[in-house]
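Text of input-v1.cif (mmCIF, C-alpha atoms) as supplied:
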```cif
data_protein
loop_
_atom_site.label_atom_id
_atom_site.label_comp_id
_atom_site.auth_asym_id
_atom_site.auth_seq_id
_atom_site.Cartn_x
_atom_site.Cartn_y
_atom_site.Cartn_z
CA MET A 1 110.40 106.37 119.41
CA LYS A 2 109.16 103.11 117.94
CA SER A 3 109.53 101.78 114.42
CA VAL A 4 106.71 100.47 112.28
CA VAL A 5 108.19 97.43 110.56
CA ILE A 6 107.40 97.22 106.86
CA GLY A 7 109.37 94.30 105.47
CA ALA A 8 112.34 91.94 105.66
CA HIS A 9 115.12 92.51 103.15
CA LEU A 10 118.19 90.64 102.02
CA ARG A 11 120.60 93.57 102.00
CA ARG A 12 120.97 96.84 103.86
CA ASP A 13 121.21 98.74 100.58
CA ASP A 14 117.75 97.46 99.65
CA ILE A 15 116.61 100.00 102.27
CA GLU A 16 119.40 102.54 102.81
CA PRO A 17 120.81 104.96 101.96
CA PRO A 18 117.74 107.03 101.12
CA ASP A 19 117.55 108.03 97.51
CA LYS A 20 115.95 111.11 96.05
CA LEU A 21 112.51 109.70 96.72
CA GLU A 22 110.98 111.63 99.58
CA SER A 23 109.03 108.55 100.65
CA LEU A 24 112.18 106.67 101.64
CA SER A 25 113.87 109.55 103.46
CA TYR A 26 113.04 108.39 106.95
CA VAL A 27 113.13 104.63 106.53
CA GLN A 28 115.79 102.84 108.55
CA ALA A 29 117.43 99.43 108.17
CA ILE A 30 117.09 97.42 111.38
CA PRO A 31 119.48 94.43 111.54
CA ALA A 32 117.80 91.10 112.29
CA GLY A 33 120.26 88.23 112.13
CA ASP A 34 121.91 88.60 108.73
CA LEU A 35 118.78 90.19 107.22
CA PHE A 36 117.44 93.72 107.58
CA LEU A 37 114.00 94.99 108.48
CA SER A 38 112.74 98.25 107.04
CA GLY A 39 111.33 100.43 109.81
CA LEU A 40 109.63 103.79 109.85
CA PRO A 41 110.33 105.66 113.13
CA VAL A 42 107.26 107.24 114.69
CA ALA A 43 106.52 108.72 118.11
CA ASP A 44 105.66 106.21 120.82
CA ASP A 45 102.19 107.68 121.18
CA GLN A 46 101.50 107.67 117.42
CA PRO A 47 98.31 105.64 116.81
CA LEU A 48 99.00 103.00 114.16
CA GLY A 49 95.46 103.33 112.83
CA ASP A 50 96.12 106.88 111.65
CA ARG A 51 95.06 107.29 108.02
CA GLU A 52 98.04 109.43 107.05
CA LEU A 53 100.43 106.89 108.52
CA LEU A 54 98.72 104.04 106.67
CA LEU A 55 99.04 105.86 103.37
CA ARG A 56 102.64 106.81 104.08
CA VAL A 57 103.55 103.19 104.81
CA ALA A 58 101.75 102.10 101.65
CA ASN A 59 103.84 104.55 99.61
CA ILE A 60 107.04 103.41 101.28
CA ARG A 61 106.21 99.78 100.50
CA ALA A 62 105.90 100.65 96.82
CA ALA A 63 109.16 102.62 96.83
CA LEU A 64 111.00 99.77 98.59
CA LEU A 65 109.69 97.27 96.06
CA ASP A 66 111.10 99.43 93.28
CA ARG A 67 114.52 98.80 94.83
CA ALA A 68 114.34 95.08 95.51
CA THR A 69 111.92 92.30 96.36
CA PHE A 70 111.24 91.90 100.07
CA ILE A 71 109.02 89.95 102.43
CA ALA A 72 106.03 91.98 103.55
CA ILE A 73 105.30 92.14 107.25
CA ARG A 74 101.62 92.56 108.12
CA TYR A 75 100.90 96.15 109.15
CA GLY A 76 100.80 96.67 112.90
CA PHE A 77 104.15 95.22 113.96
CA ALA A 78 106.13 97.93 115.74
CA VAL A 79 109.35 97.59 117.74
CA SER A 80 111.22 99.78 120.18
CA SER A 81 114.71 98.43 119.57
CA PRO A 82 116.76 96.35 117.12
CA SER A 83 117.10 93.62 119.75
CA GLU A 84 113.32 93.38 120.09
CA ALA A 85 112.97 93.17 116.30
CA ALA A 86 115.61 90.43 116.03
CA ALA A 87 114.11 88.42 118.88
CA LYS A 88 110.55 88.54 117.54
CA CYS A 89 111.61 87.58 114.02
CA ALA A 90 114.26 85.01 114.97
CA GLU A 91 112.16 81.94 114.17
CA HIS A 92 111.52 83.20 110.60
CA LEU A 93 114.97 84.38 109.55
CA ASP A 94 116.36 81.22 107.94
CA ARG A 95 113.23 80.68 105.86
CA TRP A 96 113.06 84.34 104.89
CA ARG A 97 116.67 84.32 103.72
CA ALA A 98 116.05 81.27 101.52
CA LEU A 99 112.90 82.86 100.05
CA LEU A 100 114.60 86.19 99.39
CA GLU A 101 117.53 84.52 97.68
CA GLN A 102 115.23 82.33 95.59
CA HIS A 103 112.84 85.12 94.56
CA ARG A 104 115.14 88.11 94.32
CA ASP A 105 113.84 88.88 90.85
CA ASP A 106 110.20 87.92 91.39
CA VAL A 107 107.18 89.91 92.51
CA GLU A 108 103.64 88.87 93.27
CA MET A 109 100.68 89.70 91.04
CA THR A 110 97.12 89.28 92.26
CA LEU A 111 94.01 88.60 90.24
CA LYS A 112 90.90 89.11 92.36
CA VAL A 113 87.73 87.67 90.82
CA VAL A 114 84.21 88.36 91.99
CA ALA A 115 82.51 85.02 92.68
CA SER A 116 79.98 83.71 90.16
CA GLY A 117 77.37 83.13 92.87
CA SER A 118 76.97 84.64 96.30
CA VAL A 119 77.40 82.50 99.38
CA ALA A 120 75.51 83.51 102.49
CA ARG A 121 77.68 84.48 105.43
CA PRO A 122 76.75 82.36 108.50
CA ASP A 123 75.02 84.23 111.28
CA ARG A 124 76.76 83.94 114.65
CA ARG A 125 73.37 83.89 116.39
CA ASP A 126 72.58 80.57 114.71
CA PHE A 127 75.43 78.83 116.53
CA THR A 128 75.81 77.92 120.17
CA SER A 129 79.54 77.31 119.90
CA GLY A 130 82.18 79.71 118.61
CA GLY A 131 84.08 76.76 117.12
CA ASP A 132 81.09 75.62 115.08
CA TYR A 133 80.56 79.17 113.86
CA LEU A 134 84.18 79.47 112.74
CA LYS A 135 83.93 76.12 110.92
CA ALA A 136 80.76 77.29 109.14
CA LEU A 137 82.44 80.58 108.25
CA HIS A 138 85.42 78.72 106.80
CA ALA A 139 83.12 76.33 104.89
CA ALA A 140 81.17 79.26 103.42
CA THR A 141 84.36 81.02 102.37
CA THR A 142 85.89 77.96 100.72
CA SER A 143 82.68 77.12 98.85
CA VAL A 144 82.95 80.28 96.74
CA GLU A 145 83.51 79.39 93.08
CA ILE A 146 84.08 81.02 89.74
CA ASP A 147 83.54 80.01 86.11
CA PRO A 148 85.97 77.11 85.42
CA GLU A 149 86.70 78.44 81.94
CA PHE A 150 87.73 81.79 83.39
CA ARG A 151 89.78 80.02 86.04
CA ASN A 152 91.82 78.21 83.38
CA ALA A 153 92.21 81.35 81.29
CA ALA A 154 93.38 83.30 84.35
CA GLU A 155 96.06 80.70 85.05
CA GLU A 156 97.21 80.91 81.45
CA ALA A 157 97.36 84.70 81.73
CA ILE A 158 99.28 85.20 84.96
CA GLY A 159 100.58 81.73 85.75
CA LYS A 160 99.64 78.84 88.00
CA GLY A 161 99.92 80.36 91.42
CA ARG A 162 97.86 79.91 94.54
CA TRP A 163 94.09 80.30 94.60
CA LEU A 164 92.92 81.87 97.84
CA HIS A 165 89.48 81.99 99.39
CA ARG A 166 89.48 85.15 101.44
CA ASP A 167 85.82 86.05 101.83
CA GLN A 168 82.36 85.00 100.65
CA LYS A 169 82.40 87.26 97.61
CA SER A 170 85.64 86.66 95.75
CA LEU A 171 88.51 84.36 94.91
CA GLU A 172 92.11 85.37 94.30
CA LEU A 173 94.85 83.95 92.15
CA VAL A 174 98.27 85.03 93.35
CA ALA A 175 101.28 84.24 91.17
CA LEU A 176 104.99 84.88 91.26
CA VAL A 177 106.03 86.85 88.22
CA ALA A 178 109.52 87.79 87.07
CA ARG A 179 110.04 91.55 87.30
CA GLY A 180 110.67 91.67 83.58
CA ALA A 181 107.35 89.97 82.84
CA VAL A 182 105.05 92.35 84.73
CA GLU A 183 104.05 94.30 81.62
CA ARG A 184 103.39 91.10 79.70
CA VAL A 185 101.10 89.89 82.50
CA ARG A 186 99.25 93.23 82.50
CA ALA A 187 98.70 92.89 78.76
CA ALA A 188 97.43 89.34 79.32
CA GLY A 189 95.03 90.78 81.92
CA GLU A 190 93.66 93.23 79.36
CA GLU A 191 93.15 90.38 76.92
CA LEU A 192 91.35 88.42 79.65
CA LYS A 193 89.03 91.40 80.15
CA ARG A 194 88.17 91.34 76.45
CA ARG A 195 87.52 87.60 76.44
CA PHE A 196 85.40 87.60 79.61
CA PRO A 197 83.60 90.95 79.78
CA GLN A 198 80.96 89.43 82.04
CA VAL A 199 83.45 88.48 84.79
CA PRO A 200 84.39 91.35 87.13
CA PHE A 201 88.02 91.07 88.20
CA LEU A 202 90.99 93.20 89.16
CA LEU A 203 94.58 92.44 88.27
CA SER A 204 96.98 94.25 90.56
CA GLY A 205 100.67 94.35 91.36
CA PRO A 206 103.54 94.20 91.56
CA TRP A 207 103.49 93.38 95.27
CA PRO A 208 106.26 92.18 97.57
CA LEU A 209 106.30 88.58 98.80
CA GLU A 210 103.08 88.39 100.79
CA VAL A 211 101.25 85.17 100.03
CA PHE A 212 104.43 83.33 99.00
CA ALA A 213 106.09 84.35 102.25
CA ASP A 214 103.54 82.16 104.02
CA GLU A 215 104.62 78.59 104.56
CA THR A 216 101.05 77.34 104.84
CA PRO A 217 99.32 78.07 101.53
CA SER A 218 95.52 78.25 101.68
CA MET B 1 93.21 108.63 86.77
CA ASP B 2 89.52 107.76 86.65
CA GLU B 3 87.93 108.39 90.04
CA ASN B 4 86.50 104.87 90.38
CA LEU B 5 89.78 103.31 89.37
CA GLU B 6 91.65 105.55 91.79
CA GLU B 7 89.34 104.46 94.60
CA LEU B 8 89.82 100.83 93.61
CA THR B 9 93.60 101.17 93.56
CA LEU B 10 93.62 102.77 97.00
CA LEU B 11 91.37 100.05 98.43
CA GLU B 12 93.53 97.36 96.91
CA THR B 13 96.67 98.96 98.32
CA LEU B 14 95.18 99.20 101.82
CA ASP B 15 93.86 95.67 101.56
CA HIS B 16 97.38 94.42 100.86
CA LEU B 17 98.85 96.51 103.66
CA LEU B 18 96.34 95.42 106.29
CA ASP B 19 95.60 91.87 105.30
CA ARG B 20 98.71 90.39 103.67
CA GLY B 21 102.20 89.48 104.62
CA VAL B 22 103.79 87.68 107.50
CA VAL B 23 102.10 87.99 110.87
CA ILE B 24 104.59 88.15 113.69
CA ALA B 25 103.40 85.91 116.51
CA GLY B 26 102.34 87.61 119.67
CA GLU B 27 101.52 90.94 118.11
CA ALA B 28 98.26 92.46 119.28
CA VAL B 29 95.52 93.48 116.92
CA ILE B 30 95.51 97.26 116.57
CA SER B 31 92.34 99.10 117.44
CA ILE B 32 91.04 102.43 116.27
CA GLY B 33 88.59 103.53 118.89
CA ASP B 34 86.61 100.35 119.43
CA VAL B 35 87.15 99.00 115.93
CA ASP B 36 89.89 96.43 115.44
CA LEU B 37 92.05 96.92 112.38
CA LEU B 38 91.32 93.28 111.63
CA TYR B 39 87.71 94.28 110.98
CA LEU B 40 88.80 97.38 109.13
CA GLY B 41 90.81 95.06 106.88
CA LEU B 42 87.74 92.90 106.29
CA ASN B 43 85.69 95.97 105.38
CA VAL B 44 88.36 97.02 102.93
CA VAL B 45 88.19 93.58 101.30
CA LEU B 46 84.41 93.74 100.95
CA ALA B 47 84.45 97.32 99.71
CA ASN B 48 87.12 96.27 97.24
CA VAL B 49 84.90 93.58 95.72
CA ASP B 50 82.03 96.06 95.37
CA ALA B 51 84.40 98.54 93.72
CA ILE B 52 85.55 95.88 91.23
CA LYS B 53 81.90 95.23 90.27
CA ARG B 54 81.25 98.95 89.82
CA THR B 55 84.34 99.47 87.71
CA SER B 56 83.59 96.44 85.54
CA ARG B 57 80.05 97.64 84.78
CA ARG B 58 81.34 100.86 83.24
#
```

As structure tokens:
Amino acid sequence: MKSVVIGAHLRRDDIEPPDKLESLSYVQAIPAGDLFLSGLPVADDQPLGDRELLLRVANIRAALLDRATFIAIRYGFAVSSPSEAAAKCAEHLDRWRALLEQHRDDVEMTLKVVASGSVARPDRRDFTSGGDYLKALHAATTSVEIDPEFRNAAEEAIGKGRWLHRDQKSLELVALVARGAVERVRAAGEELKRRFPQVPFLLSGPWPLEVFADETPS
Amino acid sequence: MDENLEELTLLETLDHLLDRGVVIAGEAVISIGDVDLLYLGLNVVLANVDAIKRTSRR
């Protein structure tokens, strides 16, 4: 068996024991230093790209977040033993503990905005060097912009978080929101939709610590 | 739930699963057949933006 690692948690009881929710029935707490990783045991030959597994892990993430805030681990990290998990995460543990203690009552909310103008994606065939192509790709992605008025209104609605350039079509504002303020932020999102009907955007969350778990903000 | 909104929510959820969170150093990119999950993640992101536009037009 191997375990698909889902997140890093402050306490064992953020993961176990399983409650009445079916989705958490098989999740195990894997000790890593003085933190715990949530892991879903699967057969060694289970392909991680399996659609059912992806959806199952997505459901488990949501159920775990209902219990307590955790640090999300990018999908695809699987371990065969607790010692392997602890060794591979060792360099992160101190920072994760500090983040989890600081943001125990916070979740992330994401506001994804479709860019006001499209930016052409560079064509690899136009470049002789891979490095130059990657630089051009990065430049194209970071040149994406949105209406400044909407940008300010979005920050007023969900808070001044981090703006991320993730592709050539959209920008994202990710903010830390107190658990008790999630509904207020959703209402602010609805108000934003009324004020800017011409700007396509999606407000989503709550999410675990994903962007704010990264020490190098974009 | 509205079908478009349901699709959008699923895409957003998969986008977060595949393209967010801490990357553990040394982990290989997963492949499905010949398609890396990394690219699958990118496709989800792009499909997500298109879905946002569709939903907003309604």

If the PyMOL selection byres ((chain A) within 6 of (chain B)) were run on this exact file, what residues would it hold? Put them as a ChimeraX atom specification. /A:49,72-75,200,210

Can you tell me which residues surround region 99-113 of chain A at a distance of at most 7 Å, considering all atoms listed in the file, apart from same-chain residues fewer than 4 positions away, and format the answer as a PyMOL selection string? chain A and resi 10+69-70+95+170-179+200-209

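Remark: for Glu149 (chain A), the closest of the candidate residues A:Tyr133, A:Trp163, A:Phe196, A:Phe127 is A:Phe196 (distances computed over only C-alpha atoms).
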
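Across the structure, CA of Arg162 (chain A) and CA of Asp214 (chain A) are spaced 11.3 Å apart.
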
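Pairwise distance (CA of Ala8 (chain A), CA of Phe36 (chain A)) equals 5.7 Å.
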
Residues at most 12 Å from Leu137 (chain A), counting only C-alpha atoms, excluding those fewer than 6 positions away in the same chain, as a list of chain:residue names? A:Val119, A:Ala120, A:Arg121, A:Pro122, A:Asp123, A:Arg124, A:Asp126, A:Phe127, A:Gly130, A:Gly131, A:Ser143, A:Val144, A:His165, A:Arg166, A:Asp167, A:Gln168

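The gap separating CA of Ala29 (chain A) from CA of Ile15 (chain A) is 6.0 Å, in Å to one decimal.
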
Expected selection from the PyMOL selection byres ((chain A and resi 62) around 10), given as a list in words: Ser23, Leu24, Val57, Ala58, Asn59, Ile60, Arg61, Ala63, Leu64, Leu65, Asp66, Arg67, Gly205, Pro206, Trp207 and Pro208 of chain A; Thr13 of chain B

Would you mind listing what lies within 6 Å of region 82-86 of chain A as JSON, numbers by chain, with all atoms listed in the file counted and same-chain residues fewer than 3 positions away left out? {"A": [30, 32, 79, 89, 90]}

Please report, as JSON, the centre and edge lengths in Å to one decimal of an axis-aligned box covering all listed atoms of region 201-216 of chain A with 8 Å per side.
```
{"center_x": 97.2, "center_y": 85.8, "center_z": 96.5, "size_x": 34.3, "size_y": 33.0, "size_z": 32.6}
```
